[in-house]
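Report on the following structure.
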Amino acid sequence: MDLNKLANALIPDGDLIAPEEYENIFPARDVAKGAEVTRLAPSPTGFIHLGNLYSALADERAAHTSGGVFYLRIEDTDEKRKVEGAVESVIRSLKYFGIKFDEGAEIDSPLNKYGPYYQRQRAKIYRSFAKKLLSQGRAYPCFCTAEELDETRAKQTENKETTGYYGVYAKCRNLSEEEIYKNLQAGKPFVIRLKSQGSIENKRVFRDAIKGEITVTENDQDVVILKSDGIPTYHFAHAIDDHFMHTTLVIRGEEWLSSLPVHLELHEVLGFKPPRYAHTCSLMKMDGDTKRKLSKRKDPELSLDYYRKAGYYPLAVVKYLMTVLNSNFEEWYLKNPDGDYRDFKFKIDKMGKSGALFDLDKLNDVSRNEISKLTPEECYAFLKEWVDEFGTDTDREHFSDKEYILKILALVMGAGGKKKRKDIERAEQGVRIIDYFFDDSFKPERVYRSDAQTVNALLESFAEVYDPADDNQIWFSKVKEVAGKLGFAVDNAAYKADPEAFKGNVSDAAEILRIAVTGGPNSPDLCTIMGILGKDRAVRRLLDGRLNA
RNA sequence: GGCCCGUUGGUCAAGCGGUUAAGACAUCACCCUUUCACGGUGGUAACAUGGGUUCGAUUCCCGUACGGGUCACCA
């Protein structure tokens, strides 16, 4: 069979560039030895996921701690799943978390010498190589219909055989010249398949940058490399793109491990040296009693937008992810609480070998810590940004009074003093936590632990003696005075010695005041709060806090 | 089901043949504070399982169980 003739009949394009030429078009990168070239290669399906950030962070760190390059390539080979605006969304979302690309799709950079960075725009390149494989007899056209493929799969499943297009099931593998041209003449659609040389009998050891030595079985599947629309499958595009874009380290989810044999054979057949691979464990989620991979479909709450809406501090999300990525980051972070996480020496082989459960408690903790490091001014800016985008009209109105909010934040954050507070965990919660400073959003829950008579008496008498001019000490002595008259212990030691003799400790009395004024049992220094509210409002709240007898 | 990967406290995890088996989050107790927090100290709590190899296995090998991934003209 004249293979060149066949290749021409199958892929006739006259404007194709000879495959060898591409080595000159995309020369080796000018990067230092040991520098990693990594990439994020999402398909533009519109949904940016925490897993993307996780992987992007690993890519970005691997590249930048080694003086390499991190670029963005768009894998848009599946027309059906394309979503408008998805690329911008990826870039915007990652930028929000402080991750930037050096090069790639929609990135304005002088480094963009390996494009186009959209796979659809690279069709010519793939076709050129597919044609080469065809003429070498390492690929062939397949005219099987979806129905036929379904049938063989059904048969294979029934016989408990491995499913797929291989061996005797590769019907088109040995089509005669005559049959091929007849099908072509008839206008039958076709795909190009790899003519695999492998056997599943052959196993070899492969070194993964994260998992270490793993066993890979040779590929024996005649996988599709060019779909009937002339667009490559992921496998083929991956081999060609990562070769010509000179990727040194491919970091991807472990779901790709099973197609590694295909990629290895593809590289071999194309005459490319494969990159190093790092297969990361997926982030897991608890679903009932079992762990499950975080899924785009099932877990929309784990989209990056979710974290923005909840108002997580972006740097906190990144730092949390760093602790998952490299567990020794946590130790470093403890020693360098104010350090830039970029100064930490990220190591790809330190990544965990098993899937980590996403730990919201820990994220919350990191986020609280990060926010507590802000100045009230910075915190205001952070909260304001959230309020502008996700808050209610009432919130926006509150935040227009910057001075007032700043006063509140100074208190809530324990600014200036050595007693920092960590009350704000994320913007959404932070905004709600200061609601009681405004009458229109004050929603008290008056659940006291004392009886109505005591509560009312305490509130009334304190309202009478309260004076905003009092400093903290005088303020508290008044609390004691009032509480003492009602039978609360004024002396801690006395209370501890005989709790039965009192209605409660001063702290119990203070709690009553606190609940009346703020609506709940947890809030910063009450004296200051009352000061910020002003005498009228403070007194009114004390009185309003009374219970119906 | 075949193939591949994994399994240390509730969670994230150090560990790489000999350790009182780190640390962090969560949780509990106490201290500090005559209020809420913050902070400090301490506690509870773990090597899936059965066989080997070895003077000695959490660490190495094999089996079992459990969990995960994957078997497309999707990536």
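If you're wondering about the labels, chains in the structure tokens are A, B, ... by order shown, residues count from 1 in each chain, ligands from 1 in order shown.
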
Show which residues sit within 9 Å of range 48-53 of chain B, as an mmCIF file with N, CA and C atoms (P, O5', C5', C4', C3', O3' and C1' of nucleotides), in the first residue's frame. Count only C-alpha atoms (C1' of nucleotides), and ignore same-chain residues fewer than 2 positions away.
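Now in selection_6.cif:
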data_model
loop_
_atom_site.group_PDB
_atom_site.id
_atom_site.type_symbol
_atom_site.label_atom_id
_atom_site.label_comp_id
_atom_site.auth_asym_id
_atom_site.auth_seq_id
_atom_site.Cartn_x
_atom_site.Cartn_y
_atom_site.Cartn_z
ATOM 1 P P U B 7 -0.365 5.320 51.900
ATOM 2 O "O5'" U B 7 -1.691 4.997 52.749
ATOM 3 C "C5'" U B 7 -2.584 6.084 53.113
ATOM 4 C "C4'" U B 7 -3.695 5.493 53.974
ATOM 5 C "C3'" U B 7 -3.186 4.883 55.287
ATOM 6 O "O3'" U B 7 -3.949 5.316 56.402
ATOM 7 C "C1'" U B 7 -4.348 3.245 53.990
ATOM 8 P P C B 60 8.268 0.867 53.510
ATOM 9 O "O5'" C B 60 9.076 -0.482 53.249
ATOM 10 C "C5'" C B 60 10.340 -0.438 52.612
ATOM 11 C "C4'" C B 60 10.792 -1.845 52.312
ATOM 12 C "C3'" C B 60 9.701 -2.776 51.805
ATOM 13 O "O3'" C B 60 9.506 -2.641 50.406
ATOM 14 C "C1'" C B 60 10.908 -3.854 53.518
ATOM 15 P P C B 61 8.145 -3.059 49.752
ATOM 16 O "O5'" C B 61 8.207 -4.649 49.819
ATOM 17 C "C5'" C B 61 9.035 -5.389 48.919
ATOM 18 C "C4'" C B 61 8.726 -6.855 49.055
ATOM 19 C "C3'" C B 61 7.247 -7.192 48.894
ATOM 20 O "O3'" C B 61 6.904 -7.363 47.529
ATOM 21 C "C1'" C B 61 8.086 -8.242 50.836
ATOM 22 P P C B 62 5.413 -7.127 47.093
ATOM 23 O "O5'" C B 62 4.703 -8.433 47.651
ATOM 24 C "C5'" C B 62 4.885 -9.692 47.017
ATOM 25 C "C4'" C B 62 4.075 -10.732 47.742
ATOM 26 C "C3'" C B 62 2.582 -10.425 47.861
ATOM 27 O "O3'" C B 62 1.863 -10.768 46.699
ATOM 28 C "C1'" C B 62 3.424 -11.123 49.962
ATOM 29 P P G B 63 0.514 -9.999 46.404
ATOM 30 O "O5'" G B 63 -0.504 -10.649 47.439
ATOM 31 C "C5'" G B 63 -0.907 -12.000 47.284
ATOM 32 C "C4'" G B 63 -1.685 -12.430 48.505
ATOM 33 C "C3'" G B 63 -2.992 -11.690 48.761
ATOM 34 O "O3'" G B 63 -4.053 -12.185 47.971
ATOM 35 C "C1'" G B 63 -1.791 -11.905 50.780
ATOM 36 P P U B 64 -5.276 -11.231 47.634
ATOM 37 O "O5'" U B 64 -5.947 -10.947 49.044
ATOM 38 C "C5'" U B 64 -6.746 -11.948 49.681
ATOM 39 C "C4'" U B 64 -7.300 -11.413 50.977
ATOM 40 C "C3'" U B 64 -8.166 -10.165 50.858
ATOM 41 O "O3'" U B 64 -9.492 -10.474 50.488
ATOM 42 C "C1'" U B 64 -6.627 -9.886 52.627
ATOM 43 P P A B 65 -10.378 -9.394 49.743
ATOM 44 O "O5'" A B 65 -10.662 -8.334 50.888
ATOM 45 C "C5'" A B 65 -11.481 -8.683 52.017
ATOM 46 C "C4'" A B 65 -11.464 -7.543 53.012
ATOM 47 C "C3'" A B 65 -11.887 -6.208 52.441
ATOM 48 O "O3'" A B 65 -13.296 -6.076 52.427
ATOM 49 C "C1'" A B 65 -9.894 -5.936 53.675
ATOM 50 P P C B 66 -13.984 -5.284 51.248
ATOM 51 O "O5'" C B 66 -13.669 -3.769 51.633
ATOM 52 C "C5'" C B 66 -14.159 -3.213 52.851
ATOM 53 C "C4'" C B 66 -13.439 -1.930 53.154
ATOM 54 C "C3'" C B 66 -13.444 -0.897 52.039
ATOM 55 O "O3'" C B 66 -14.660 -0.164 51.983
ATOM 56 C "C1'" C B 66 -11.259 -1.085 52.879
#

| task | Name the residues of range 122-354 of chain A that fall into strand (DSSP E) according to DSSP on the backbone, using the chain letters and numbers of this document, as number ranges by chain. | result | A: 139-142, 191-194, 203-208, 212-217, 224-226, 249-253, 276-280, 284-287, 290-293

| request: Give as a ChimeraX atom specification every residue of chain B that touches chain A within 6 Å, counting only C-alpha atoms (C1' of nucleotides). | output: /B:6,25,34-36,38,69-70,73

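Between C1' of G17 in chain B and CA of Lys350 in chain A lies a distance of 22.0 Å.
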
Fewer than 4 positions away in the same chain doesn't count, so skip those; otherwise give me all residues within 10 Å of G9 in chain B, counting only C-alpha atoms (C1' of nucleotides), as a PDB file with N, CA and C atoms (P, O5', C5', C4', C3', O3' and C1' of nucleotides), in the first residue's frame.
ATOM      1  P     U B  44      -3.220  11.988  77.834  1.00  0.00           P
ATOM      2  O5'   U B  44      -4.668  11.854  77.183  1.00  0.00           O
ATOM      3  C5'   U B  44      -5.772  11.384  77.966  1.00  0.00           C
ATOM      4  C4'   U B  44      -7.005  11.341  77.113  1.00  0.00           C
ATOM      5  C3'   U B  44      -6.821  10.614  75.792  1.00  0.00           C
ATOM      6  O3'   U B  44      -6.947   9.213  75.980  1.00  0.00           O
ATOM      7  C1'   U B  44      -7.966  12.651  75.418  1.00  0.00           C
ATOM      8  P     A B  45      -5.797   8.263  75.487  1.00  0.00           P
ATOM      9  O5'   A B  45      -6.063   8.279  73.925  1.00  0.00           O
ATOM     10  C5'   A B  45      -7.350   7.955  73.402  1.00  0.00           C
ATOM     11  C4'   A B  45      -7.456   8.495  72.003  1.00  0.00           C
ATOM     12  C3'   A B  45      -6.275   8.134  71.115  1.00  0.00           C
ATOM     13  O3'   A B  45      -6.403   6.828  70.609  1.00  0.00           O
ATOM     14  C1'   A B  45      -6.836  10.419  70.845  1.00  0.00           C
ATOM     15  P     A B  46      -5.136   5.935  70.490  1.00  0.00           P
ATOM     16  O5'   A B  46      -4.807   6.072  68.954  1.00  0.00           O
ATOM     17  C5'   A B  46      -5.747   5.601  67.975  1.00  0.00           C
ATOM     18  C4'   A B  46      -5.098   5.686  66.619  1.00  0.00           C
ATOM     19  C3'   A B  46      -3.901   4.741  66.417  1.00  0.00           C
ATOM     20  O3'   A B  46      -4.357   3.476  66.014  1.00  0.00           O
ATOM     21  C1'   A B  46      -3.362   6.927  65.668  1.00  0.00           C
ATOM     22  P     C B  47      -3.476   2.208  66.338  1.00  0.00           P
ATOM     23  O5'   C B  47      -2.148   2.364  65.445  1.00  0.00           O
ATOM     24  C5'   C B  47      -1.960   1.525  64.306  1.00  0.00           C
ATOM     25  C4'   C B  47      -1.646   2.409  63.143  1.00  0.00           C
ATOM     26  C3'   C B  47      -1.163   1.662  61.906  1.00  0.00           C
ATOM     27  O3'   C B  47      -1.818   2.225  60.774  1.00  0.00           O
ATOM     28  C1'   C B  47       0.519   3.169  62.683  1.00  0.00           C
TER      29        C B  47
END

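Between CA of Leu260 in chain A and CA of Leu40 in chain A the interatomic distance comes to 17.8 Å.
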
| message | Neighbouring residues of A22 in chain B were defined as those with any atom within 10 Å, considering only C-alpha atoms (C1' of nucleotides); residues of the same chain fewer than 4 positions away were excluded. Please report them as number ranges by chain. | response | B: 13-15

N, CA and C atoms (P, O5', C5', C4', C3', O3' and C1' of nucleotides) of the current selection, written as an mmCIF file, in the first residue's frame:
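Printed below is again_24.cif as written:
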data_model
loop_
_atom_site.group_PDB
_atom_site.id
_atom_site.type_symbol
_atom_site.label_atom_id
_atom_site.label_comp_id
_atom_site.auth_asym_id
_atom_site.auth_seq_id
_atom_site.Cartn_x
_atom_site.Cartn_y
_atom_site.Cartn_z
ATOM 1 P P A B 13 -3.048 15.079 53.727
ATOM 2 O "O5'" A B 13 -1.700 15.496 54.449
ATOM 3 C "C5'" A B 13 -1.077 14.598 55.293
ATOM 4 C "C4'" A B 13 -0.122 15.347 56.161
ATOM 5 C "C3'" A B 13 1.107 14.528 56.459
ATOM 6 O "O3'" A B 13 2.077 14.919 55.513
ATOM 7 C "C1'" A B 13 0.041 15.138 58.473
ATOM 8 P P A B 14 3.325 14.012 55.270
ATOM 9 O "O5'" A B 14 4.296 14.579 56.386
ATOM 10 C "C5'" A B 14 5.467 13.894 56.620
ATOM 11 C "C4'" A B 14 6.135 14.501 57.813
ATOM 12 C "C3'" A B 14 7.281 13.618 58.277
ATOM 13 O "O3'" A B 14 8.442 13.986 57.573
ATOM 14 C "C1'" A B 14 5.881 14.150 60.104
ATOM 15 P P G B 15 9.002 12.988 56.443
ATOM 16 O "O5'" G B 15 9.610 11.814 57.303
ATOM 17 C "C5'" G B 15 10.326 12.121 58.506
ATOM 18 C "C4'" G B 15 10.013 11.026 59.515
ATOM 19 C "C3'" G B 15 10.534 9.667 59.055
ATOM 20 O "O3'" G B 15 11.621 9.291 59.887
ATOM 21 C "C1'" G B 15 8.321 9.555 59.967
#

| Quick one: distance from CA of Gly67 in chain A to CA of Tyr22 in chain A in Å, one decimal? |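 Distance reported for this atom pair: 25.6 Å.
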
| task | Tell me which protein, DNA and RNA residues are within 12 Å of Tyr306 in chain A, counting only C-alpha atoms (C1' of nucleotides), leaving out same-chain ones fewer than 4 positions away, and put them as a list of chain:residue names. | result |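 Answer for this query is A:Phe47, A:Ile48, A:His49, A:Leu50, A:Ser93, A:Asp299, A:Pro300, A:Glu301, A:Leu302, A:Ala310, A:Gly311, A:Tyr312, A:Pro314, A:Val317, A:Phe390, A:Glu428.
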
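Residues in contact with Asp30 in chain A at 12 Å, where only C-alpha atoms (C1' of nucleotides) are counted and same-chain residues fewer than 2 positions away are skipped, are listed as Phe26, Pro27, Ala28, Ala32, Lys33, Gly34, Ala35, Glu36, Val37, Gly67, Gly68, Val69, Leu111, Lys113, Met245 and His246 of chain A.
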
With C-alpha atoms retained, could you export that selection as a PDB file, in the first residue's frame?
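Result went into part35.pdb, see below:
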ATOM      1  CA  PHE A  26       9.638  26.442  18.384  1.00  0.00           C
ATOM      2  CA  PRO A  27      13.263  26.348  19.464  1.00  0.00           C
ATOM      3  CA  ALA A  28      14.323  25.375  22.951  1.00  0.00           C
ATOM      4  CA  ALA A  32      18.445  28.180  33.208  1.00  0.00           C
ATOM      5  CA  LYS A  33      19.287  24.585  33.835  1.00  0.00           C
ATOM      6  CA  GLY A  34      16.938  23.050  36.322  1.00  0.00           C
ATOM      7  CA  ALA A  35      14.273  25.653  35.687  1.00  0.00           C
ATOM      8  CA  GLU A  36      10.856  24.094  35.382  1.00  0.00           C
ATOM      9  CA  VAL A  37       8.467  25.003  32.630  1.00  0.00           C
ATOM     10  CA  GLY A  67      13.329  30.363  37.870  1.00  0.00           C
ATOM     11  CA  GLY A  68      11.190  28.836  35.156  1.00  0.00           C
ATOM     12  CA  VAL A  69       8.053  29.696  33.274  1.00  0.00           C
ATOM     13  CA  LEU A 111       7.326  35.480  26.084  1.00  0.00           C
ATOM     14  CA  LYS A 113       6.625  32.630  21.331  1.00  0.00           C
ATOM     15  CA  MET A 245       6.088  24.387  24.273  1.00  0.00           C
ATOM     16  CA  HIS A 246       9.000  22.724  26.033  1.00  0.00           C
TER      17      HIS A 246
END

| field | Backbone DSSP call of helix (DSSP H, G or I) for range 89-147 of chain A, listed as a ChimeraX atom specification | value | /A:89-96,119-135,146-147

Show me, as a Markdown table, the residues of range 468-495 of chain A having an atom within 8 Å of range 454-459 of chain A, each with the closest atom pair and its distance in Å, using only C-alpha atoms.
| residue | atom | partner | partner_atom | distance |
| --- | --- | --- | --- | --- |
| A:Val482 | CA | A:Leu458 | CA | 6.7 |
| A:Ala483 | CA | A:Leu458 | CA | 6.7 |
| A:Leu486 | CA | A:Thr454 | CA | 7.2 |

| query | Can you tell me, as a PyMOL selection string, what residues are no more than 12 Å from Arg546 in chain A when counting only C-alpha atoms (C1' of nucleotides), ignoring any on the same chain fewer than 2 positions away? | reply | chain A and resi 444-448+450-463+512-513+515-517+519+539-544+548-549
